[in-house]
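Novice: My structure is stored as protein.cif, with mmCIF, N, CA and C atoms.
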```cif
data_protein
loop_
_atom_site.label_atom_id
_atom_site.label_comp_id
_atom_site.auth_asym_id
_atom_site.auth_seq_id
_atom_site.Cartn_x
_atom_site.Cartn_y
_atom_site.Cartn_z
N MET A 1 0.85 -1.16 0.00
CA MET A 1 0.00 0.00 0.00
C MET A 1 0.90 1.23 0.00
N TRP A 2 0.60 2.21 -0.81
CA TRP A 2 1.40 3.42 -0.91
C TRP A 2 0.68 4.57 -0.23
N PHE A 3 1.47 5.42 0.43
CA PHE A 3 0.93 6.59 1.10
C PHE A 3 1.68 7.80 0.61
N SER A 4 0.99 8.90 0.50
CA SER A 4 1.67 10.14 0.12
C SER A 4 2.42 10.68 1.32
N ARG A 5 3.38 11.55 1.08
CA ARG A 5 4.13 12.17 2.17
C ARG A 5 3.19 12.92 3.11
N LYS A 6 2.17 13.54 2.52
CA LYS A 6 1.24 14.33 3.32
C LYS A 6 0.51 13.43 4.33
N GLN A 7 0.10 12.22 3.90
CA GLN A 7 -0.58 11.30 4.81
C GLN A 7 0.33 10.87 5.94
N VAL A 8 1.57 10.48 5.63
CA VAL A 8 2.51 10.01 6.63
C VAL A 8 2.94 11.15 7.53
N ALA A 9 3.24 12.32 6.95
CA ALA A 9 3.70 13.46 7.73
C ALA A 9 2.61 13.94 8.68
N GLY A 10 1.35 13.82 8.30
CA GLY A 10 0.26 14.29 9.13
C GLY A 10 -0.13 13.30 10.22
N SER A 11 0.42 12.08 10.19
CA SER A 11 0.08 11.06 11.18
C SER A 11 0.85 11.29 12.46
N ALA A 12 0.30 10.79 13.55
CA ALA A 12 1.03 10.81 14.82
C ALA A 12 2.14 9.78 14.74
N ALA A 13 3.16 9.91 15.59
CA ALA A 13 4.32 9.01 15.55
C ALA A 13 3.90 7.55 15.67
N GLY A 14 2.95 7.23 16.51
CA GLY A 14 2.49 5.86 16.67
C GLY A 14 1.80 5.33 15.43
N ASP A 15 1.11 6.21 14.72
CA ASP A 15 0.41 5.81 13.52
C ASP A 15 1.36 5.44 12.38
N VAL A 16 2.53 6.10 12.33
CA VAL A 16 3.50 5.82 11.27
C VAL A 16 3.99 4.38 11.41
N LYS A 17 4.24 3.94 12.63
CA LYS A 17 4.67 2.55 12.84
C LYS A 17 3.58 1.59 12.42
N ALA A 18 2.35 1.92 12.68
CA ALA A 18 1.24 1.06 12.29
C ALA A 18 1.13 0.98 10.77
N VAL A 19 1.41 2.09 10.09
CA VAL A 19 1.35 2.11 8.63
C VAL A 19 2.44 1.24 8.04
N ALA A 20 3.61 1.21 8.66
CA ALA A 20 4.75 0.47 8.13
C ALA A 20 4.57 -1.04 8.26
N LYS A 21 3.78 -1.52 9.22
CA LYS A 21 3.58 -2.95 9.41
C LYS A 21 2.65 -3.50 8.34
N ALA A 22 2.90 -4.76 7.96
CA ALA A 22 2.04 -5.41 6.99
C ALA A 22 0.70 -5.75 7.63
N VAL A 23 -0.35 -5.58 6.88
CA VAL A 23 -1.68 -5.92 7.33
C VAL A 23 -1.87 -7.41 7.15
N PRO A 24 -2.38 -8.14 8.17
CA PRO A 24 -2.60 -9.58 8.02
C PRO A 24 -3.45 -9.86 6.78
N GLY A 25 -3.02 -10.84 6.00
CA GLY A 25 -3.73 -11.20 4.78
C GLY A 25 -3.37 -10.35 3.57
N GLN A 26 -2.56 -9.32 3.78
CA GLN A 26 -2.15 -8.45 2.69
C GLN A 26 -1.14 -9.18 1.81
N VAL A 27 -1.25 -9.03 0.52
CA VAL A 27 -0.30 -9.65 -0.41
C VAL A 27 0.92 -8.76 -0.51
N THR A 28 2.08 -9.31 -0.15
CA THR A 28 3.33 -8.56 -0.22
C THR A 28 4.21 -9.15 -1.29
N THR A 29 5.27 -8.45 -1.62
CA THR A 29 6.24 -8.95 -2.59
C THR A 29 6.83 -10.27 -2.10
N LYS A 30 7.12 -10.34 -0.82
CA LYS A 30 7.69 -11.56 -0.23
C LYS A 30 6.71 -12.72 -0.34
N SER A 31 5.44 -12.48 -0.03
CA SER A 31 4.46 -13.56 -0.10
C SER A 31 4.25 -14.02 -1.55
N ARG A 32 4.29 -13.09 -2.50
CA ARG A 32 4.18 -13.48 -3.91
C ARG A 32 5.39 -14.30 -4.34
N GLY A 33 6.58 -13.89 -3.88
CA GLY A 33 7.80 -14.64 -4.21
C GLY A 33 7.78 -16.03 -3.60
N ASP A 34 7.34 -16.13 -2.36
CA ASP A 34 7.24 -17.44 -1.70
C ASP A 34 6.27 -18.36 -2.43
N ALA A 35 5.14 -17.80 -2.86
CA ALA A 35 4.15 -18.58 -3.60
C ALA A 35 4.70 -19.05 -4.94
N ALA A 36 5.45 -18.19 -5.61
CA ALA A 36 6.06 -18.56 -6.89
C ALA A 36 7.09 -19.66 -6.69
N GLU A 37 7.90 -19.55 -5.63
CA GLU A 37 8.89 -20.60 -5.35
C GLU A 37 8.22 -21.93 -5.03
N ALA A 38 7.12 -21.89 -4.29
CA ALA A 38 6.39 -23.12 -3.97
C ALA A 38 5.81 -23.75 -5.24
N ALA A 39 5.28 -22.93 -6.13
CA ALA A 39 4.73 -23.43 -7.39
C ALA A 39 5.85 -24.03 -8.26
N ALA A 40 6.99 -23.35 -8.30
CA ALA A 40 8.13 -23.85 -9.08
C ALA A 40 8.64 -25.17 -8.50
N LEU A 41 8.74 -25.23 -7.18
CA LEU A 41 9.21 -26.46 -6.53
C LEU A 41 8.28 -27.62 -6.86
N ALA A 42 6.98 -27.41 -6.77
CA ALA A 42 6.02 -28.47 -7.10
C ALA A 42 6.17 -28.91 -8.55
N HIS A 43 6.35 -27.95 -9.44
CA HIS A 43 6.50 -28.25 -10.87
C HIS A 43 7.77 -29.08 -11.12
N LEU A 44 8.88 -28.69 -10.50
CA LEU A 44 10.14 -29.40 -10.70
C LEU A 44 10.13 -30.77 -10.04
N ALA A 45 9.53 -30.87 -8.87
CA ALA A 45 9.44 -32.17 -8.18
C ALA A 45 8.62 -33.15 -9.01
N LYS A 46 7.56 -32.64 -9.62
CA LYS A 46 6.72 -33.47 -10.50
C LYS A 46 7.51 -33.97 -11.70
N ALA A 47 8.51 -33.18 -12.13
CA ALA A 47 9.35 -33.54 -13.26
C ALA A 47 10.51 -34.45 -12.84
N GLY A 48 10.62 -34.75 -11.53
CA GLY A 48 11.63 -35.70 -11.08
C GLY A 48 12.84 -35.10 -10.37
N LEU A 49 12.89 -33.80 -10.19
CA LEU A 49 14.01 -33.20 -9.46
C LEU A 49 13.76 -33.31 -7.96
N LYS A 50 14.84 -33.43 -7.21
CA LYS A 50 14.73 -33.59 -5.76
C LYS A 50 15.30 -32.35 -5.07
N LEU A 51 14.55 -31.82 -4.12
CA LEU A 51 14.97 -30.62 -3.40
C LEU A 51 16.14 -30.93 -2.46
N ILE A 52 17.17 -30.06 -2.53
CA ILE A 52 18.33 -30.16 -1.63
C ILE A 52 18.27 -29.02 -0.62
N GLU A 53 18.02 -27.79 -1.09
CA GLU A 53 18.03 -26.63 -0.22
C GLU A 53 17.23 -25.49 -0.86
N THR A 54 16.66 -24.64 0.00
CA THR A 54 15.95 -23.47 -0.49
C THR A 54 16.63 -22.20 0.01
N ASN A 55 16.56 -21.16 -0.80
CA ASN A 55 17.05 -19.82 -0.44
C ASN A 55 18.47 -19.82 0.13
N TYR A 56 19.39 -20.43 -0.61
CA TYR A 56 20.80 -20.42 -0.20
C TYR A 56 21.38 -19.03 -0.46
N ARG A 57 21.96 -18.44 0.58
CA ARG A 57 22.55 -17.10 0.46
C ARG A 57 24.02 -17.15 0.81
N THR A 58 24.80 -16.37 0.09
CA THR A 58 26.21 -16.24 0.44
C THR A 58 26.32 -15.26 1.60
N PRO A 59 27.32 -15.44 2.44
CA PRO A 59 27.49 -14.50 3.55
C PRO A 59 27.98 -13.14 3.05
N GLY A 60 27.67 -12.11 3.80
CA GLY A 60 28.16 -10.77 3.47
C GLY A 60 27.29 -10.05 2.46
N ARG A 61 27.63 -8.79 2.28
CA ARG A 61 26.90 -7.94 1.33
C ARG A 61 27.38 -8.19 -0.09
N GLY A 62 26.50 -7.96 -1.01
CA GLY A 62 26.87 -8.05 -2.42
C GLY A 62 26.94 -9.47 -2.95
N GLY A 63 26.57 -10.43 -2.12
CA GLY A 63 26.60 -11.82 -2.55
C GLY A 63 25.38 -12.13 -3.40
N GLY A 64 25.04 -13.36 -3.42
CA GLY A 64 23.91 -13.77 -4.22
C GLY A 64 23.03 -14.73 -3.46
N GLU A 65 21.93 -15.08 -4.07
CA GLU A 65 21.00 -16.03 -3.49
C GLU A 65 20.55 -16.99 -4.58
N ILE A 66 20.39 -18.23 -4.19
CA ILE A 66 19.85 -19.24 -5.09
C ILE A 66 18.52 -19.67 -4.49
N ASP A 67 17.46 -19.53 -5.28
CA ASP A 67 16.12 -19.83 -4.77
C ASP A 67 15.96 -21.30 -4.41
N LEU A 68 16.34 -22.18 -5.33
CA LEU A 68 16.21 -23.62 -5.10
C LEU A 68 17.48 -24.31 -5.55
N VAL A 69 17.99 -25.20 -4.72
CA VAL A 69 19.09 -26.09 -5.13
C VAL A 69 18.47 -27.47 -5.19
N MET A 70 18.54 -28.09 -6.36
CA MET A 70 17.89 -29.37 -6.57
C MET A 70 18.86 -30.34 -7.24
N ARG A 71 18.49 -31.62 -7.23
CA ARG A 71 19.30 -32.62 -7.90
C ARG A 71 18.45 -33.33 -8.93
N ALA A 72 18.98 -33.41 -10.14
CA ALA A 72 18.29 -34.11 -11.23
C ALA A 72 18.53 -35.61 -11.08
N ARG A 73 17.74 -36.39 -11.78
CA ARG A 73 17.86 -37.86 -11.71
C ARG A 73 19.25 -38.36 -12.07
N ASP A 74 19.93 -37.65 -12.98
CA ASP A 74 21.26 -38.08 -13.41
C ASP A 74 22.37 -37.62 -12.46
N GLY A 75 22.02 -36.98 -11.34
CA GLY A 75 23.00 -36.54 -10.35
C GLY A 75 23.45 -35.10 -10.52
N THR A 76 23.01 -34.44 -11.57
CA THR A 76 23.37 -33.04 -11.80
C THR A 76 22.78 -32.16 -10.71
N LEU A 77 23.61 -31.28 -10.17
CA LEU A 77 23.14 -30.29 -9.20
C LEU A 77 22.53 -29.13 -9.99
N VAL A 78 21.30 -28.77 -9.67
CA VAL A 78 20.58 -27.76 -10.43
C VAL A 78 20.32 -26.55 -9.55
N PHE A 79 20.86 -25.40 -9.96
CA PHE A 79 20.63 -24.14 -9.27
C PHE A 79 19.48 -23.45 -10.00
N VAL A 80 18.40 -23.20 -9.27
CA VAL A 80 17.18 -22.70 -9.90
C VAL A 80 16.88 -21.28 -9.44
N GLU A 81 16.67 -20.40 -10.40
CA GLU A 81 16.20 -19.04 -10.14
C GLU A 81 14.73 -19.00 -10.51
N VAL A 82 13.90 -18.54 -9.58
CA VAL A 82 12.46 -18.44 -9.81
C VAL A 82 12.12 -16.96 -9.95
N ARG A 83 11.43 -16.62 -11.03
CA ARG A 83 11.02 -15.23 -11.27
C ARG A 83 9.53 -15.20 -11.52
N GLN A 84 8.86 -14.29 -10.85
CA GLN A 84 7.42 -14.15 -10.99
C GLN A 84 7.07 -12.73 -11.38
N ARG A 85 6.20 -12.59 -12.35
CA ARG A 85 5.68 -11.29 -12.74
C ARG A 85 4.20 -11.47 -13.02
N SER A 86 3.39 -10.56 -12.50
CA SER A 86 1.95 -10.69 -12.69
C SER A 86 1.50 -10.20 -14.07
N GLY A 87 2.34 -9.42 -14.74
CA GLY A 87 1.97 -8.92 -16.06
C GLY A 87 3.18 -8.83 -16.98
N ASP A 88 2.92 -8.44 -18.21
CA ASP A 88 3.97 -8.35 -19.22
C ASP A 88 4.42 -6.90 -19.47
N GLN A 89 4.04 -5.98 -18.60
CA GLN A 89 4.34 -4.57 -18.85
C GLN A 89 5.83 -4.32 -19.06
N HIS A 90 6.67 -5.03 -18.35
CA HIS A 90 8.11 -4.82 -18.45
C HIS A 90 8.83 -6.03 -19.03
N GLY A 91 8.15 -6.77 -19.87
CA GLY A 91 8.77 -7.91 -20.53
C GLY A 91 8.52 -9.23 -19.84
N GLY A 92 7.76 -9.26 -18.79
CA GLY A 92 7.46 -10.51 -18.10
C GLY A 92 8.62 -10.96 -17.23
N ALA A 93 8.49 -12.16 -16.70
CA ALA A 93 9.46 -12.68 -15.74
C ALA A 93 10.85 -12.88 -16.36
N ALA A 94 10.90 -13.32 -17.60
CA ALA A 94 12.20 -13.61 -18.23
C ALA A 94 13.06 -12.36 -18.37
N ALA A 95 12.43 -11.23 -18.60
CA ALA A 95 13.19 -9.99 -18.80
C ALA A 95 13.87 -9.50 -17.54
N SER A 96 13.51 -10.06 -16.39
CA SER A 96 14.09 -9.59 -15.13
C SER A 96 15.37 -10.30 -14.73
N ILE A 97 15.86 -11.20 -15.56
CA ILE A 97 17.09 -11.92 -15.25
C ILE A 97 18.19 -11.44 -16.18
N GLY A 98 18.80 -10.34 -15.82
CA GLY A 98 19.86 -9.75 -16.63
C GLY A 98 21.23 -10.31 -16.27
N ALA A 99 22.25 -9.72 -16.86
CA ALA A 99 23.63 -10.18 -16.66
C ALA A 99 24.08 -10.04 -15.21
N VAL A 100 23.71 -8.97 -14.55
CA VAL A 100 24.11 -8.76 -13.15
C VAL A 100 23.49 -9.83 -12.26
N LYS A 101 22.21 -10.11 -12.46
CA LYS A 101 21.52 -11.13 -11.67
C LYS A 101 22.15 -12.49 -11.92
N GLN A 102 22.48 -12.80 -13.16
CA GLN A 102 23.12 -14.06 -13.47
C GLN A 102 24.47 -14.18 -12.77
N GLN A 103 25.24 -13.10 -12.74
CA GLN A 103 26.55 -13.13 -12.07
C GLN A 103 26.41 -13.36 -10.57
N ARG A 104 25.39 -12.79 -9.95
CA ARG A 104 25.16 -13.01 -8.52
C ARG A 104 24.78 -14.46 -8.24
N ILE A 105 23.99 -15.05 -9.11
CA ILE A 105 23.61 -16.46 -8.96
C ILE A 105 24.84 -17.35 -9.13
N ILE A 106 25.65 -17.04 -10.12
CA ILE A 106 26.88 -17.81 -10.37
C ILE A 106 27.82 -17.70 -9.18
N HIS A 107 27.96 -16.51 -8.63
CA HIS A 107 28.80 -16.30 -7.44
C HIS A 107 28.30 -17.16 -6.28
N ALA A 108 27.00 -17.17 -6.05
CA ALA A 108 26.43 -17.98 -4.97
C ALA A 108 26.63 -19.47 -5.23
N ALA A 109 26.50 -19.89 -6.48
CA ALA A 109 26.69 -21.30 -6.82
C ALA A 109 28.15 -21.71 -6.58
N ARG A 110 29.09 -20.87 -6.96
CA ARG A 110 30.51 -21.18 -6.70
C ARG A 110 30.77 -21.31 -5.21
N HIS A 111 30.16 -20.43 -4.43
CA HIS A 111 30.30 -20.50 -2.98
C HIS A 111 29.69 -21.79 -2.45
N TYR A 112 28.53 -22.16 -2.95
CA TYR A 112 27.86 -23.40 -2.54
C TYR A 112 28.71 -24.61 -2.87
N LEU A 113 29.34 -24.61 -4.05
CA LEU A 113 30.13 -25.76 -4.51
C LEU A 113 31.43 -25.95 -3.71
N MET A 114 31.83 -24.95 -2.94
CA MET A 114 33.06 -25.09 -2.15
C MET A 114 32.92 -26.17 -1.07
N ARG A 115 31.72 -26.58 -0.75
CA ARG A 115 31.53 -27.63 0.26
C ARG A 115 31.82 -29.03 -0.27
N PHE A 116 32.01 -29.16 -1.57
CA PHE A 116 32.27 -30.46 -2.18
C PHE A 116 33.76 -30.64 -2.46
N ALA A 117 34.29 -31.82 -2.12
CA ALA A 117 35.68 -32.13 -2.45
C ALA A 117 35.82 -32.24 -3.98
N SER A 118 34.84 -32.86 -4.59
CA SER A 118 34.80 -32.99 -6.04
C SER A 118 33.41 -32.56 -6.50
N PRO A 119 33.27 -31.33 -7.00
CA PRO A 119 31.94 -30.82 -7.36
C PRO A 119 31.25 -31.67 -8.43
N PRO A 120 29.97 -31.90 -8.26
CA PRO A 120 29.21 -32.66 -9.27
C PRO A 120 28.94 -31.79 -10.49
N PRO A 121 28.51 -32.39 -11.57
CA PRO A 121 28.08 -31.56 -12.70
C PRO A 121 26.91 -30.69 -12.25
N CYS A 122 26.85 -29.49 -12.78
CA CYS A 122 25.76 -28.59 -12.37
C CYS A 122 25.29 -27.76 -13.56
N ARG A 123 24.11 -27.16 -13.37
CA ARG A 123 23.55 -26.29 -14.39
C ARG A 123 22.68 -25.23 -13.72
N PHE A 124 22.33 -24.21 -14.49
CA PHE A 124 21.50 -23.11 -14.01
C PHE A 124 20.18 -23.11 -14.76
N ASP A 125 19.11 -23.39 -14.04
CA ASP A 125 17.77 -23.39 -14.62
C ASP A 125 17.02 -22.15 -14.16
N VAL A 126 16.02 -21.80 -14.91
CA VAL A 126 15.14 -20.69 -14.55
C VAL A 126 13.71 -21.19 -14.65
N VAL A 127 12.90 -20.84 -13.66
CA VAL A 127 11.48 -21.12 -13.71
C VAL A 127 10.76 -19.78 -13.72
N LEU A 128 9.98 -19.56 -14.76
CA LEU A 128 9.23 -18.32 -14.92
C LEU A 128 7.78 -18.55 -14.54
N VAL A 129 7.28 -17.70 -13.68
CA VAL A 129 5.87 -17.76 -13.31
C VAL A 129 5.26 -16.45 -13.79
N ASN A 130 4.51 -16.56 -14.87
CA ASN A 130 3.87 -15.38 -15.46
C ASN A 130 2.39 -15.39 -15.13
N GLY A 131 1.91 -14.30 -14.59
CA GLY A 131 0.52 -14.19 -14.19
C GLY A 131 0.39 -14.29 -12.69
N ALA A 132 -0.80 -14.03 -12.22
CA ALA A 132 -1.07 -14.03 -10.78
C ALA A 132 -1.24 -15.45 -10.28
N LEU A 133 -0.76 -15.70 -9.07
CA LEU A 133 -0.93 -16.99 -8.42
C LEU A 133 -2.12 -16.91 -7.48
N GLY A 134 -2.70 -18.03 -7.18
CA GLY A 134 -3.80 -18.06 -6.23
C GLY A 134 -4.99 -18.81 -6.79
N ALA A 135 -5.99 -18.95 -5.95
CA ALA A 135 -7.19 -19.69 -6.34
C ALA A 135 -7.87 -19.00 -7.52
N GLY A 136 -8.05 -19.75 -8.59
CA GLY A 136 -8.74 -19.22 -9.75
C GLY A 136 -7.90 -18.30 -10.62
N ALA A 137 -6.65 -18.05 -10.23
CA ALA A 137 -5.80 -17.15 -11.01
C ALA A 137 -5.20 -17.91 -12.18
N GLY A 138 -4.98 -17.21 -13.26
CA GLY A 138 -4.40 -17.83 -14.44
C GLY A 138 -2.91 -17.55 -14.51
N SER A 139 -2.10 -18.51 -14.08
CA SER A 139 -0.65 -18.33 -14.16
C SER A 139 -0.07 -19.45 -15.02
N ALA A 140 1.03 -19.14 -15.66
CA ALA A 140 1.72 -20.10 -16.50
C ALA A 140 3.13 -20.29 -15.96
N ILE A 141 3.52 -21.54 -15.78
CA ILE A 141 4.86 -21.86 -15.30
C ILE A 141 5.66 -22.38 -16.48
N GLU A 142 6.81 -21.76 -16.69
CA GLU A 142 7.69 -22.16 -17.78
C GLU A 142 9.06 -22.49 -17.20
N TRP A 143 9.53 -23.70 -17.45
CA TRP A 143 10.82 -24.18 -16.94
C TRP A 143 11.84 -24.12 -18.07
N LEU A 144 12.94 -23.42 -17.82
CA LEU A 144 14.01 -23.30 -18.82
C LEU A 144 15.27 -23.99 -18.29
N PRO A 145 15.45 -25.28 -18.60
CA PRO A 145 16.66 -25.98 -18.16
C PRO A 145 17.89 -25.39 -18.84
N ALA A 146 18.98 -25.31 -18.10
CA ALA A 146 20.25 -24.77 -18.62
C ALA A 146 20.02 -23.42 -19.29
N ALA A 147 19.34 -22.52 -18.60
CA ALA A 147 18.98 -21.21 -19.15
C ALA A 147 20.20 -20.33 -19.39
N PHE A 148 21.23 -20.49 -18.56
CA PHE A 148 22.49 -19.76 -18.75
C PHE A 148 23.60 -20.59 -18.15
N ASP A 149 24.84 -20.20 -18.45
CA ASP A 149 25.98 -20.94 -17.88
C ASP A 149 26.96 -20.00 -17.22
N ALA A 150 27.96 -20.57 -16.59
CA ALA A 150 28.90 -19.79 -15.79
C ALA A 150 30.09 -19.26 -16.59
N SER A 151 30.08 -19.45 -17.88
CA SER A 151 31.23 -18.99 -18.67
C SER A 151 31.17 -17.52 -18.99
#
```
Any chance you could put this one into structure tokens?
Specialist:
Amino acid sequence: MWFSRKQVAGSAAGDVKAVAKAVPGQVTTKSRGDAAEAAALAHLAKAGLKLIETNYRTPGRGGGEIDLVMRARDGTLVFVEVRQRSGDQHGGAAASIGAVKQQRIIHAARHYLMRFASPPPCRFDVVLVNGALGAGAGSAIEWLPAAFDAS
């Protein structure tokens, strides 16, 4: 929910804190992202991938995050980026994964792979969730295996 400066400035100090808190049942960016990740996980599990870890983050600032770390039937470690967009105004979900985002994912994957004495084969997949999620909502899930590489 957006408020003008006039609304916030005219509120009492206690009211500003109340405005900043999320309203129960309110749809937030985080809740939409969590729903998209759950939908992607279900889609990939149905396709035979096995969940290893969710929301892997590198320590420190400027690192990266991997939404889902999964293992394919052939033993390949799959780093999955999930992107959700409710509309196509800015190119949809696929348009939001630029070179900088890819580099952050690659950085996080390299950090994750340091735990292995001999790293397994791996790849970078993307799951796009276009449209609104929820009961009766029309969303389309598109899985792009090996969407980009670390070279």
Novice: Rank A:Ala147, A:Ile141, A:Leu51, A:Val126 by their smallest atom-to-atom distance to Ala39 (chain A), using only N, CA and C atoms, and report the top residue only.
Specialist: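 Looking at the shortest contact to Ala39 (chain A), the residue is A:Ile141.
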Novice: Identify which of the residues A:Val69, A:Val78, A:Ala45, A:Arg85 lies closest to Gly131 (chain A), counting all atoms listed in the file when measuring atom-to-atom distances.
Specialist: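 Selected residue with least distance to Gly131 (chain A): A:Arg85.
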Novice: Compare A:Leu41, A:Leu49, A:Phe124, A:Asn130 by their minimum atom-to-atom distance to Leu144 (chain A), counting all atoms listed in the file, and give me the closest one.
Specialist: A:Phe124
Novice: For Ile66 (chain A), list every protein, DNA or RNA residue within 7 Å, evaluated using all atoms listed in the file, and leave out those in the same chain fewer than 5 positions away; present the list as a PyMOL selection string.
Specialist: chain A and resi 53-58+79-82+105+108-109
Novice: Near Gly75 (chain A), within 10 Å and counting only C-alpha atoms, which residues show up once chain neighbours fewer than 3 positions away are dropped, as a count of residues only?
Specialist: 9
Novice: Using all atoms listed in the file, which residue out of A:Arg61, A:Lys46, A:Lys30, A:Arg123 lies closest to Leu77 (chain A)?
Specialist: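 Among A:Arg61, A:Lys46, A:Lys30, A:Arg123, it is A:Arg123 that comes nearest to Leu77 (chain A).
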Novice: Using only N, CA and C atoms, can you tell me which of A:Arg115, A:Gln84, A:Gly48, A:Glu65 comes closest to Gly33 (chain A)?
Specialist: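 When distances to Gly33 (chain A) are compared using only N, CA and C atoms, the smallest one comes from A:Gln84.
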Novice: Closest to Lys101 (chain A) among A:Glu142, A:Phe148, A:Val127, A:Leu113, using only C-alpha atoms?
Specialist: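 Ranked by minimum distance to Lys101 (chain A), first place goes to A:Phe148.
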Novice: Rounded to one decimal place, report the atom C of Pro59 (chain A)-atom N of Pro145 (chain A) distance in Å.
Specialist: 27.8 Å
Novice: In Å, with one decimal, what is the gap from CA of Val129 (chain A) to atom N of Leu68 (chain A)?
Specialist: 13.9 Å
